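To be precise, the following lines are final-v9.txt, and they hold compact mmCIF, C-alpha atoms and all ligand atoms.
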# COMPACT_ATOMS: atom_id res chain seq x y z
CA VAL A 23 0.47 17.49 8.06
CA ARG A 24 -1.58 18.88 5.19
CA THR A 25 0.24 18.43 1.89
CA ILE A 26 -1.47 21.57 0.53
CA ASP A 27 -2.78 24.48 2.59
CA TRP A 28 -3.22 28.24 2.84
CA GLN A 29 -0.84 30.27 5.00
CA ASP A 30 -0.38 34.03 5.34
CA GLY A 31 -2.05 34.91 2.07
CA HIS A 32 -0.51 32.24 -0.13
CA ILE A 33 -0.64 28.53 -0.95
CA VAL A 34 1.89 26.21 0.61
CA ALA A 35 2.30 22.76 -0.92
CA ILE A 36 4.83 19.98 -0.75
CA ASP A 37 6.87 19.84 -3.98
CA GLN A 38 6.12 16.33 -5.22
CA THR A 39 8.81 16.51 -7.91
CA ARG A 40 11.51 16.53 -5.20
CA LEU A 41 10.36 13.41 -3.34
CA PRO A 42 11.53 11.02 -2.07
CA GLY A 43 14.96 12.64 -1.74
CA THR A 44 13.95 16.08 -0.48
CA VAL A 45 10.93 17.34 1.43
CA ALA A 46 10.60 20.88 0.09
CA TRP A 47 7.64 23.24 0.32
CA LEU A 48 6.45 25.55 -2.44
CA GLU A 49 5.10 29.00 -1.58
CA ILE A 50 2.69 30.04 -4.32
CA SER A 51 1.36 33.57 -4.46
CA THR A 52 0.18 33.90 -8.08
CA VAL A 53 -2.12 31.88 -10.32
CA GLY A 54 0.70 31.64 -12.87
CA GLN A 55 2.97 29.94 -10.31
CA LEU A 56 0.15 27.56 -9.41
CA VAL A 57 -0.56 26.60 -13.03
CA ASP A 58 3.14 25.91 -13.52
CA ALA A 59 3.26 23.72 -10.38
CA ILE A 60 0.21 21.75 -11.57
CA LYS A 61 1.55 21.27 -15.10
CA ARG A 62 4.89 19.92 -13.91
CA LEU A 63 3.13 17.70 -11.31
CA ALA A 64 4.67 19.42 -8.29
CA ILE A 65 1.03 19.40 -7.15
CA ARG A 66 -0.84 16.37 -8.47
CA GLY A 67 -3.52 13.79 -7.70
CA ALA A 68 -7.22 14.41 -8.26
CA PRO A 69 -8.38 15.60 -4.80
CA ALA A 70 -5.23 17.73 -4.35
CA LEU A 71 -6.00 19.32 -7.72
CA GLY A 72 -9.50 20.13 -6.44
CA ALA A 73 -7.99 21.82 -3.39
CA ALA A 74 -5.43 23.62 -5.56
CA GLY A 75 -8.11 24.83 -7.96
CA ALA A 76 -10.18 26.28 -5.13
CA LEU A 77 -7.20 27.93 -3.44
CA GLY A 78 -6.07 29.24 -6.83
CA ALA A 79 -9.49 30.82 -7.32
CA ALA A 80 -8.98 32.57 -3.97
CA LEU A 81 -5.59 33.84 -5.18
CA ALA A 82 -7.13 35.07 -8.44
CA VAL A 83 -9.96 37.03 -6.83
CA ARG A 84 -7.78 38.47 -4.05
CA GLY A 85 -4.97 39.46 -6.42
CA GLY A 86 -7.09 42.00 -8.26
CA GLY A 87 -5.24 41.19 -11.50
CA GLU A 88 -6.61 42.66 -14.72
CA ASP A 89 -7.35 39.36 -16.41
CA ARG A 90 -9.07 37.46 -13.61
CA ASP A 91 -11.34 35.51 -15.97
CA GLY A 92 -8.35 34.52 -18.11
CA GLU A 93 -6.46 33.36 -15.03
CA LEU A 94 -9.40 31.26 -13.87
CA ALA A 95 -9.83 29.72 -17.33
CA GLY A 96 -6.11 28.88 -17.47
CA LEU A 97 -6.25 27.30 -14.03
CA ARG A 98 -9.32 25.17 -14.88
CA ALA A 99 -7.55 23.88 -17.99
CA ALA A 100 -4.08 23.31 -16.48
CA ARG A 101 -4.76 19.56 -16.56
CA PRO A 102 -7.80 18.22 -18.39
CA THR A 103 -8.50 14.70 -17.12
CA ALA A 104 -9.24 14.93 -13.37
CA VAL A 105 -12.72 16.33 -12.80
CA ASN A 106 -11.63 17.79 -9.46
CA LEU A 107 -9.53 20.72 -10.75
CA ALA A 108 -12.35 22.54 -12.58
CA TRP A 109 -14.79 21.43 -9.86
CA GLY A 110 -12.66 23.10 -7.17
CA VAL A 111 -12.31 26.34 -9.15
CA ASP A 112 -16.04 26.50 -9.92
CA ARG A 113 -17.16 25.69 -6.38
CA ALA A 114 -14.99 28.45 -4.87
CA VAL A 115 -15.82 31.02 -7.58
CA ALA A 116 -19.55 30.42 -7.01
CA ARG A 117 -19.17 32.44 -3.77
CA LEU A 118 -17.64 35.47 -5.51
CA ALA A 119 -20.80 37.59 -5.17
CA GLU A 120 -20.21 37.50 -1.39
CA GLY A 121 -16.68 38.89 -1.82
CA PRO A 122 -13.12 37.50 -2.02
CA ASP A 123 -13.10 36.30 1.59
CA ALA A 124 -16.08 34.05 0.87
CA VAL A 125 -14.15 32.46 -2.02
CA LEU A 126 -11.27 31.71 0.35
CA ASP A 127 -13.70 30.38 2.98
CA GLU A 128 -15.17 27.99 0.41
CA ALA A 129 -11.68 26.83 -0.61
CA LEU A 130 -10.76 26.16 3.02
CA ALA A 131 -14.05 24.28 3.47
CA ILE A 132 -13.08 22.05 0.50
CA LEU A 133 -9.76 21.27 2.23
CA ASP A 134 -11.49 20.43 5.53
CA GLU A 135 -14.07 18.27 3.77
CA ASP A 136 -11.39 16.43 1.84
CA VAL A 137 -9.81 15.21 5.06
CA VAL A 138 -13.12 14.08 6.56
CA ARG A 139 -14.36 12.42 3.36
CA ASN A 140 -11.12 10.54 2.78
CA ARG A 141 -11.14 9.16 6.31
CA ALA A 142 -14.73 8.01 5.84
CA LEU A 143 -14.06 6.30 2.52
CA GLY A 144 -10.89 4.73 3.91
CA GLU A 145 -12.87 3.13 6.72
CA ARG A 146 -15.59 1.97 4.34
CA GLY A 147 -13.01 0.45 2.00
CA ALA A 148 -11.30 -1.31 4.91
CA ASP A 149 -14.69 -2.66 6.04
CA TRP A 150 -15.31 -4.06 2.58
CA LEU A 151 -11.88 -5.68 2.29
CA ALA A 152 -11.96 -7.06 5.82
CA ALA A 153 -15.33 -8.68 5.01
CA ASN A 154 -14.27 -10.05 1.61
CA VAL A 155 -10.70 -11.22 2.26
CA HIS A 156 -9.79 -13.83 4.83
CA GLY A 157 -6.87 -12.91 7.12
CA PRO A 158 -4.30 -10.12 6.52
CA VAL A 159 -5.09 -8.26 3.30
CA VAL A 160 -2.33 -7.96 0.70
CA VAL A 161 -3.03 -4.91 -1.47
CA GLN A 162 -1.64 -4.01 -4.87
CA THR A 163 -1.82 -0.34 -5.85
CA HIS A 164 -0.90 1.85 -8.81
CA CYS A 165 0.31 5.47 -9.00
CA ASN A 166 -0.11 7.50 -5.80
CA ALA A 167 -3.50 7.95 -4.20
CA GLY A 168 -2.20 8.92 -0.78
CA ALA A 169 -1.99 12.04 1.36
CA LEU A 170 0.17 13.66 -1.32
CA ALA A 171 -2.62 13.28 -3.87
CA CYS A 172 -5.20 14.71 -1.46
CA VAL A 173 -4.92 17.11 1.47
CA GLU A 174 -4.31 14.50 4.15
CA TRP A 175 -4.79 10.76 4.57
CA GLY A 176 -5.44 9.61 0.97
CA THR A 177 -8.02 7.56 -0.95
CA ALA A 178 -6.54 4.18 -1.95
CA LEU A 179 -3.78 4.68 0.63
CA GLY A 180 -6.49 5.84 3.06
CA VAL A 181 -7.92 2.32 2.77
CA VAL A 182 -4.44 0.92 3.36
CA ARG A 183 -4.01 3.18 6.43
CA ALA A 184 -7.35 2.06 7.86
CA LEU A 185 -6.46 -1.62 7.34
CA ASP A 186 -3.10 -1.00 9.00
CA GLU A 187 -4.76 0.65 12.02
CA ARG A 188 -6.95 -2.46 12.37
CA HIS A 189 -3.91 -4.77 12.08
CA ARG A 190 -5.52 -6.31 8.99
CA LEU A 191 -2.89 -5.19 6.46
CA GLY A 192 -0.66 -7.97 5.11
CA HIS A 193 1.60 -6.20 2.64
CA VAL A 194 1.46 -3.67 -0.20
CA TYR A 195 2.71 -4.21 -3.76
CA VAL A 196 3.49 -0.84 -5.34
CA ASP A 197 3.53 -0.54 -9.15
CA GLU A 198 6.35 1.88 -9.97
CA THR A 199 4.11 3.80 -12.44
CA ARG A 200 6.12 4.84 -15.47
CA PRO A 201 7.08 7.36 -16.67
CA LEU A 202 6.99 9.71 -13.65
CA LEU A 203 7.24 7.01 -10.96
CA GLN A 204 4.45 8.15 -8.67
CA GLY A 205 4.45 4.63 -7.20
CA SER A 206 8.14 4.10 -6.53
CA ARG A 207 8.78 7.73 -5.55
CA LEU A 208 5.61 8.91 -3.80
CA THR A 209 3.61 5.88 -2.63
CA SER A 210 6.78 4.20 -1.40
CA TRP A 211 7.76 7.41 0.46
CA GLU A 212 4.36 7.58 2.15
CA LEU A 213 4.35 3.88 3.09
CA THR A 214 7.88 4.23 4.47
CA GLU A 215 6.73 7.21 6.60
CA MET A 216 3.83 5.04 7.82
CA GLY A 217 6.14 2.11 8.61
CA VAL A 218 4.21 -0.20 6.24
CA ASP A 219 6.04 -3.13 4.65
CA HIS A 220 5.86 -2.87 0.89
CA THR A 221 7.49 -4.03 -2.33
CA ILE A 222 8.02 -2.00 -5.50
CA ILE A 223 7.47 -3.82 -8.78
CA VAL A 224 7.94 -2.63 -12.36
CA ASP A 225 4.64 -2.00 -14.12
CA SER A 226 5.29 -4.92 -16.46
CA ALA A 227 5.28 -7.26 -13.41
CA ALA A 228 1.84 -6.15 -12.22
CA ALA A 229 -0.08 -8.92 -13.99
CA THR A 230 2.41 -11.55 -12.86
CA VAL A 231 2.02 -10.53 -9.20
CA LEU A 232 -1.74 -11.06 -9.57
CA ALA A 233 -1.46 -14.25 -11.64
CA ARG A 234 0.81 -15.75 -8.98
CA GLY A 235 -1.74 -15.05 -6.28
CA LEU A 236 0.50 -12.65 -4.35
CA ALA A 237 -2.17 -9.94 -3.85
CA ASP A 238 -5.70 -10.27 -2.43
CA ALA A 239 -7.06 -7.03 -3.90
CA VAL A 240 -6.15 -4.16 -6.19
CA VAL A 241 -7.00 -0.77 -4.67
CA VAL A 242 -6.54 2.39 -6.76
CA GLY A 243 -7.79 5.98 -6.86
CA ALA A 244 -9.53 7.73 -9.76
CA ASP A 245 -9.35 11.00 -11.66
CA ARG A 246 -12.89 10.83 -13.01
CA ILE A 247 -15.67 8.28 -12.74
CA THR A 248 -18.34 8.56 -15.41
CA ALA A 249 -22.08 8.00 -15.01
CA ASN A 250 -21.87 4.41 -16.25
CA GLY A 251 -19.10 3.45 -13.78
CA ASP A 252 -16.08 3.66 -16.10
CA VAL A 253 -12.98 4.71 -14.16
CA VAL A 254 -10.39 7.09 -15.58
CA ASN A 255 -7.09 6.81 -13.71
CA LYS A 256 -3.32 6.75 -14.21
CA ILE A 257 -2.11 4.95 -17.33
CA GLY A 258 -1.61 1.28 -16.47
CA THR A 259 -4.79 0.98 -14.40
CA PHE A 260 -6.77 -0.66 -17.23
CA PRO A 261 -4.26 -3.51 -17.79
CA LEU A 262 -4.14 -3.98 -14.00
CA ALA A 263 -7.94 -4.40 -13.96
CA LEU A 264 -7.77 -6.91 -16.83
CA ALA A 265 -5.15 -8.90 -14.94
CA ALA A 266 -7.18 -8.74 -11.73
CA GLN A 267 -10.26 -10.10 -13.49
CA ARG A 268 -8.24 -12.94 -15.00
CA ALA A 269 -6.79 -13.77 -11.57
CA GLY A 270 -10.17 -13.52 -9.82
CA VAL A 271 -8.91 -10.69 -7.59
CA PRO A 272 -11.27 -7.82 -6.64
CA PHE A 273 -10.55 -4.49 -8.30
CA VAL A 274 -11.52 -1.70 -5.90
CA VAL A 275 -11.59 2.03 -6.65
CA ALA A 276 -11.46 4.42 -3.68
CA ALA A 277 -12.56 7.97 -4.51
CA PRO A 278 -14.63 10.80 -3.07
CA GLU A 279 -18.08 11.53 -4.51
CA SER A 280 -16.58 14.68 -6.08
CA THR A 281 -14.65 12.44 -8.51
CA ILE A 282 -17.92 11.13 -9.97
CA ASP A 283 -18.90 13.19 -13.02
CA PRO A 284 -22.58 12.58 -13.77
CA SER A 285 -22.40 14.92 -16.78
CA ILE A 286 -20.30 12.43 -18.73
CA GLN A 287 -21.83 9.09 -19.67
CA THR A 288 -18.80 6.92 -20.49
CA GLY A 289 -15.03 7.00 -20.20
CA ASP A 290 -14.68 7.33 -23.99
CA GLU A 291 -15.90 10.92 -23.68
CA VAL A 292 -13.21 11.99 -21.18
CA GLU A 293 -10.22 13.96 -22.46
CA ILE A 294 -7.11 11.89 -21.81
CA GLU A 295 -4.06 14.07 -21.21
CA VAL A 296 -1.13 13.34 -23.53
CA ARG A 297 2.11 14.56 -21.98
CA ASP A 298 5.50 15.49 -23.36
CA GLY A 299 7.41 12.62 -24.94
CA ASP A 300 10.59 13.60 -23.11
CA GLU A 301 9.08 11.97 -19.99
CA VAL A 302 9.10 8.63 -21.83
CA LEU A 303 12.55 9.04 -23.39
CA ALA A 304 14.23 10.33 -20.21
CA ILE A 305 15.47 6.92 -19.10
CA GLY A 306 17.60 5.67 -21.96
CA GLY A 307 15.15 6.31 -24.80
CA MET A 308 16.44 7.02 -28.32
CA PRO A 309 16.50 10.83 -28.55
CA GLY A 310 14.16 12.28 -31.14
CA THR A 311 11.96 9.17 -31.44
CA ALA A 312 8.19 9.63 -31.66
CA THR A 313 6.27 8.88 -28.45
CA LEU A 314 2.66 8.56 -27.37
CA ASN A 315 2.61 9.50 -23.70
CA TYR A 316 -0.97 8.93 -22.56
CA ALA A 317 -1.14 9.96 -18.89
CA PHE A 318 -4.42 8.18 -18.11
CA ASP A 319 -6.56 5.28 -19.27
CA VAL A 320 -10.16 4.12 -18.98
CA THR A 321 -11.07 1.01 -17.04
CA PRO A 322 -14.49 -0.18 -18.26
CA ALA A 323 -17.18 -0.50 -15.58
CA ASP A 324 -17.53 -4.27 -16.01
CA LEU A 325 -13.98 -4.74 -14.65
CA VAL A 326 -14.63 -2.66 -11.52
CA THR A 327 -15.66 -4.80 -8.54
CA ALA A 328 -16.40 -1.88 -6.21
CA ILE A 329 -16.21 1.90 -6.12
CA VAL A 330 -15.92 3.03 -2.49
CA THR A 331 -16.84 6.63 -1.67
CA GLU A 332 -17.46 8.45 1.61
CA ASP A 333 -21.19 7.74 1.18
CA ARG A 334 -21.60 4.34 -0.48
CA ILE A 335 -20.28 1.28 -2.25
CA ILE A 336 -21.18 0.90 -5.92
CA ARG A 337 -20.57 -2.40 -7.75
CA PRO A 338 -20.32 -1.54 -11.47
CA ALA A 339 -19.36 -5.11 -12.47
CA LEU A 340 -22.80 -6.15 -11.16
CA GLY A 341 -24.50 -3.45 -13.21
CA GLU A 342 -24.77 -0.77 -10.51
CA ARG A 343 -24.23 2.77 -11.78
CA PRO A 344 -22.82 5.73 -9.80
CA ALA A 345 -25.11 8.28 -11.47
O1 LIG A 401 -0.76 12.31 -13.20
P1 LIG A 401 -1.14 12.23 -11.75
O2 LIG A 401 0.00 11.82 -10.87
O3 LIG A 401 -1.82 13.48 -11.25
O4 LIG A 401 -2.21 11.06 -11.70
C1 LIG A 401 -2.83 10.78 -10.48
C2 LIG A 401 -3.65 9.55 -10.48
O5 LIG A 401 -3.88 8.95 -11.50
C3 LIG A 401 -4.26 9.14 -9.17
O6 LIG A 401 -4.43 7.75 -9.12
C4 LIG A 401 -5.62 9.81 -9.01
O7 LIG A 401 -5.53 11.19 -9.19
C5 LIG A 401 -6.25 9.53 -7.69
S1 LIG A 401 -5.44 10.41 -6.39
C6 LIG A 401 -6.29 10.14 -4.95
Encoding of this model in structure tokens:
Amino acid sequence: VRTIDWQDGHIVAIDQTRLPGTVAWLEISTVGQLVDAIKRLAIRGAPALGAAGALGAALAVRGGGEDRDGELAGLRAARPTAVNLAWGVDRAVARLAEGPDAVLDEALAILDEDVVRNRALGERGADWLAANVHGPVVVQTHCNAGALACVEWGTALGVVRALDERHRLGHVYVDETRPLLQGSRLTSWELTEMGVDHTIIVDSAAATVLARGLADAVVVGADRITANGDVVNKIGTFPLALAAQRAGVPFVVAAPESTIDPSIQTGDEVEIEVRDGDEVLAIGGMPGTATLNYAFDVTPADLVTAIVTEDRIIRPALGERPA
């Protein structure tokens, strides 16, 4: 099942805010509704944002609204950190001269490609892990980089799926991923659907799991990879990479080529989204207290053992650069 798609003139997408309790589908027929869904993370995850951006461009050009350029600008900026959102909008809009149907065709091509590319990178990642880890591979992951974050299949969880198909998957440790719990809500839901044994840990236990030798590899997705190999991903990824280096565990990033942004040299130049403090205070926080709710962090290239894409493996820690 595609977690985001186009049906009868509108976007259909699984509402990720309702999981794991309820599987509900959103029907989105205006750019305004789409921007709202993206901002509240009903649709989230870098490749899914690329698909949403492209489908949103199709909505904008078909709708014939008066402020089409304003709608497209608002959509591009709905979330700033993942490169895929603006990339998806721009790629679809580039076909506008051929008419609105061409924009929709391009968006649907992005969705089809996403599925194919994720399967390819999942297999490549599984090849790499199977060659570098002896026996069943125990994976630790952070946030959700599964089918929900893409169109189908997933990036980091695509690697997990491919290992599982080969009977080479040992277990999965799932960081819960404060404050919005993409790990304990979404990754755990997907792994349960797949029938994969897994264990949820609080984020503060992530380093201890690695230090105790419980995981063979960390596998995560990415929102943007800069030219030098820095990886921007969900907050908590950087400390996980530090802990992995200390424990001598490979730190693997699974992402499509479209997540690589050659126009930006280092992670320091990427805008890191800061979200509403209420997300931090929601579970027992002192009301009214100041917060600093960074949604993403930058893992420096020298901590990244391998970046696995649909086309290649890049080893930034050995000095290789993606662009
Ligand atoms: O804030 P989110 O949930 O959109 O953050 C998502 C992540 O950080 C994912 O790890 C990333 O987008 C890769 S998804 C294949």
Counting all atoms listed in the file, name the residues that have an atom within 7 Å of an atom of ligand LIG 401 (chain A); the answer should be given as a list in words.
-> Leu63, Arg66, Gly67, Ala68, Pro69, Ala104, His164, Cys165, Asn166, Ala167, Gly168, Ala171, Cys172, Gly176, Thr177, Ala178, Gln204, Val242, Gly243, Ala244, Asp245, Asn255, Lys256, Ala277, Ala317 and Phe318 of chain A
Quick one: everything within 8 Å of segment 179-190 of chain A, counting all atoms listed in the file, minus sequence neighbours fewer than 3 positions away in the same chain. Send it as number ranges by chain.
-> A: 140-141, 143-148, 152, 157-159, 161, 166-169, 175-176, 218, 276
Considering all atoms listed in the file, state which residue in the set A:Pro201, A:Gly192, A:Pro261, A:Gly43 is at the smallest distance from Ala227 of chain A.
->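 Selected residue with least distance to Ala227 of chain A: A:Pro261.
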Pick from A:Asp89, A:Asp112, A:Ala80, A:Leu314 nearest to Ala124 of chain A, counting only C-alpha atoms |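 Closest to Ala124 of chain A of all the choices is A:Ala80.
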Take atom CA of Arg40 of chain A and atom CA of Glu215 of chain A and report the distance between them in Å, one decimal.
-> 15.8 Å
Just how far from atom CA of Val105 of chain A is atom CA of Arg337 of chain A, in Å to one decimal?
->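 These two atoms are separated by 20.9 Å.
Pairwise distance (atom CA of Gly110 of chain A, atom CA of Ile257 of chain A) equals 23.3 Å.
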Dig up all the protein and nucleic acid residues within 9 Å of (-22.7, 10.3, -10.4) in the file frame, using all atoms listed in the file, and format them as an MDAnalysis selection string.
-> chainID A and resid 247:251 279:286 343:345
For Glu295 of chain A, which residue out of A:Val254, A:Leu81, A:Ala114, A:Ala263 is the nearest one, using all atoms listed in the file?
-> A:Val254
Find the spatial neighbours of Leu325 of chain A, counting only C-alpha atoms, within a cut-off of 12 Å - ignore same-chain residues fewer than 4 positions away - and output them as a ChimeraX atom specification.
-> /A:240,251-253,259-275,320-321,329,337-341
What are the closest atom pairs, with distances in Å to one decimal, for each residue of segment 173-220 of chain A lying within 12 Å of segment 296-310 of chain A, using only C-alpha atoms, rows by chain and rising residue number, as a Markdown table?
| residue | atom | partner | partner_atom | distance |
| --- | --- | --- | --- | --- |
| A:Thr199 | CA | A:Val302 | CA | 11.7 |
| A:Arg200 | CA | A:Val302 | CA | 8.0 |
| A:Pro201 | CA | A:Val302 | CA | 5.7 |
| A:Leu202 | CA | A:Glu301 | CA | 7.0 |
| A:Leu203 | CA | A:Glu301 | CA | 10.5 |
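With only C-alpha atoms as the atoms that count, the minimum distance from Leu133 of chain A to the choices A:Thr25, A:Thr230, A:Ser51, A:Thr39 is reached by A:Thr25.
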Point out the residue among A:Ala82, A:Val241, A:Ala323, A:Ala59 with the least atom-to-atom distance to Gly31 of chain A, counting all atoms listed in the file.
-> A:Ala82
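Using all atoms listed in the file, the shortest contact distance between Val125 of chain A and any of A:Arg84, A:His220, A:Arg90, A:Arg98 is found at A:Arg84.
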Residue list as a count of residues only for point (8.9, 19.1, -1.8), cut-off 9 Å, all atoms listed in the file = 15
Just segment 92-183 of chain A, please, as an mmCIF file, in the first residue's frame (only C-alpha atoms).
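New file result.cif:
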data_model
loop_
_atom_site.group_PDB
_atom_site.id
_atom_site.type_symbol
_atom_site.label_atom_id
_atom_site.label_comp_id
_atom_site.auth_asym_id
_atom_site.auth_seq_id
_atom_site.Cartn_x
_atom_site.Cartn_y
_atom_site.Cartn_z
ATOM 1 C CA GLY A 92 2.143 32.198 -3.410
ATOM 2 C CA GLU A 93 0.740 28.706 -2.857
ATOM 3 C CA LEU A 94 3.828 27.094 -4.345
ATOM 4 C CA ALA A 95 6.147 29.278 -2.244
ATOM 5 C CA GLY A 96 4.189 28.396 0.914
ATOM 6 C CA LEU A 97 4.362 24.702 0.081
ATOM 7 C CA ARG A 98 8.133 24.787 -0.569
ATOM 8 C CA ALA A 99 8.671 26.468 2.803
ATOM 9 C CA ALA A 100 6.238 24.366 4.876
ATOM 10 C CA ARG A 101 9.230 22.608 6.439
ATOM 11 C CA PRO A 102 12.742 23.918 5.832
ATOM 12 C CA THR A 103 15.209 21.140 6.634
ATOM 13 C CA ALA A 104 14.496 18.213 4.276
ATOM 14 C CA VAL A 105 15.780 18.984 0.789
ATOM 15 C CA ASN A 106 13.106 16.757 -0.744
ATOM 16 C CA LEU A 107 10.078 19.046 -0.232
ATOM 17 C CA ALA A 108 11.316 21.958 -2.366
ATOM 18 C CA TRP A 109 12.963 19.464 -4.750
ATOM 19 C CA GLY A 110 9.612 17.730 -5.360
ATOM 20 C CA VAL A 111 7.775 21.021 -5.943
ATOM 21 C CA ASP A 112 10.449 22.323 -8.324
ATOM 22 C CA ARG A 113 10.745 19.102 -10.304
ATOM 23 C CA ALA A 114 6.984 18.918 -10.932
ATOM 24 C CA VAL A 115 6.607 22.657 -11.663
ATOM 25 C CA ALA A 116 9.407 22.438 -14.251
ATOM 26 C CA ARG A 117 6.877 20.691 -16.544
ATOM 27 C CA LEU A 118 4.298 23.490 -16.277
ATOM 28 C CA ALA A 119 4.953 24.781 -19.810
ATOM 29 C CA GLU A 120 3.526 21.465 -21.071
ATOM 30 C CA GLY A 121 0.297 22.007 -19.110
ATOM 31 C CA PRO A 122 -1.167 20.913 -15.749
ATOM 32 C CA ASP A 123 -1.400 17.243 -16.744
ATOM 33 C CA ALA A 124 2.352 17.145 -17.328
ATOM 34 C CA VAL A 125 2.914 18.459 -13.783
ATOM 35 C CA LEU A 126 0.761 15.643 -12.426
ATOM 36 C CA ASP A 127 2.569 13.110 -14.637
ATOM 37 C CA GLU A 128 5.907 14.265 -13.228
ATOM 38 C CA ALA A 129 4.578 13.986 -9.666
ATOM 39 C CA LEU A 130 3.354 10.442 -10.318
ATOM 40 C CA ALA A 131 6.744 9.590 -11.846
ATOM 41 C CA ILE A 132 8.412 10.794 -8.609
ATOM 42 C CA LEU A 133 6.164 8.433 -6.628
ATOM 43 C CA ASP A 134 6.970 5.478 -8.911
ATOM 44 C CA GLU A 135 10.693 6.240 -8.788
ATOM 45 C CA ASP A 136 10.633 6.503 -5.012
ATOM 46 C CA VAL A 137 9.436 2.922 -4.711
ATOM 47 C CA VAL A 138 12.045 1.574 -7.146
ATOM 48 C CA ARG A 139 14.916 3.600 -5.673
ATOM 49 C CA ASN A 140 14.112 2.628 -2.101
ATOM 50 C CA ARG A 141 14.039 -1.053 -2.995
ATOM 51 C CA ALA A 142 17.411 -0.707 -4.710
ATOM 52 C CA LEU A 143 19.035 1.106 -1.805
ATOM 53 C CA GLY A 144 17.514 -1.358 0.652
ATOM 54 C CA GLU A 145 19.141 -4.259 -1.183
ATOM 55 C CA ARG A 146 22.464 -2.432 -1.402
ATOM 56 C CA GLY A 147 22.376 -1.645 2.316
ATOM 57 C CA ALA A 148 21.546 -5.266 3.134
ATOM 58 C CA ASP A 149 24.456 -6.398 0.927
ATOM 59 C CA TRP A 150 26.807 -4.106 2.822
ATOM 60 C CA LEU A 151 25.614 -5.228 6.263
ATOM 61 C CA ALA A 152 25.590 -8.903 5.326
ATOM 62 C CA ALA A 153 29.211 -8.543 4.170
ATOM 63 C CA ASN A 154 30.372 -6.546 7.210
ATOM 64 C CA VAL A 155 28.512 -8.245 10.074
ATOM 65 C CA HIS A 156 28.903 -11.905 10.944
ATOM 66 C CA GLY A 157 25.620 -13.798 11.478
ATOM 67 C CA PRO A 158 22.169 -12.249 12.084
ATOM 68 C CA VAL A 159 22.387 -8.455 12.003
ATOM 69 C CA VAL A 160 21.026 -6.536 14.992
ATOM 70 C CA VAL A 161 20.095 -3.021 13.853
ATOM 71 C CA GLN A 162 19.503 0.098 15.915
ATOM 72 C CA THR A 163 17.456 2.846 14.275
ATOM 73 C CA HIS A 164 16.204 6.327 15.109
ATOM 74 C CA CYS A 165 13.010 8.172 14.118
ATOM 75 C CA ASN A 166 11.024 6.596 11.274
ATOM 76 C CA ALA A 167 12.601 5.998 7.893
ATOM 77 C CA GLY A 168 10.084 3.422 6.733
ATOM 78 C CA ALA A 169 7.243 3.198 4.234
ATOM 79 C CA LEU A 170 5.443 5.965 6.123
ATOM 80 C CA ALA A 171 8.339 8.340 5.507
ATOM 81 C CA CYS A 172 8.464 7.448 1.813
ATOM 82 C CA VAL A 173 5.833 6.171 -0.610
ATOM 83 C CA GLU A 174 6.392 2.474 -0.011
ATOM 84 C CA TRP A 175 9.110 0.264 1.457
ATOM 85 C CA GLY A 176 11.345 2.801 3.257
ATOM 86 C CA THR A 177 15.035 3.753 3.397
ATOM 87 C CA ALA A 178 16.560 2.621 6.718
ATOM 88 C CA LEU A 179 13.596 0.278 7.232
ATOM 89 C CA GLY A 180 13.996 -0.749 3.574
ATOM 90 C CA VAL A 181 17.409 -2.102 4.568
ATOM 91 C CA VAL A 182 15.785 -3.856 7.529
ATOM 92 C CA ARG A 183 13.105 -5.335 5.217
#
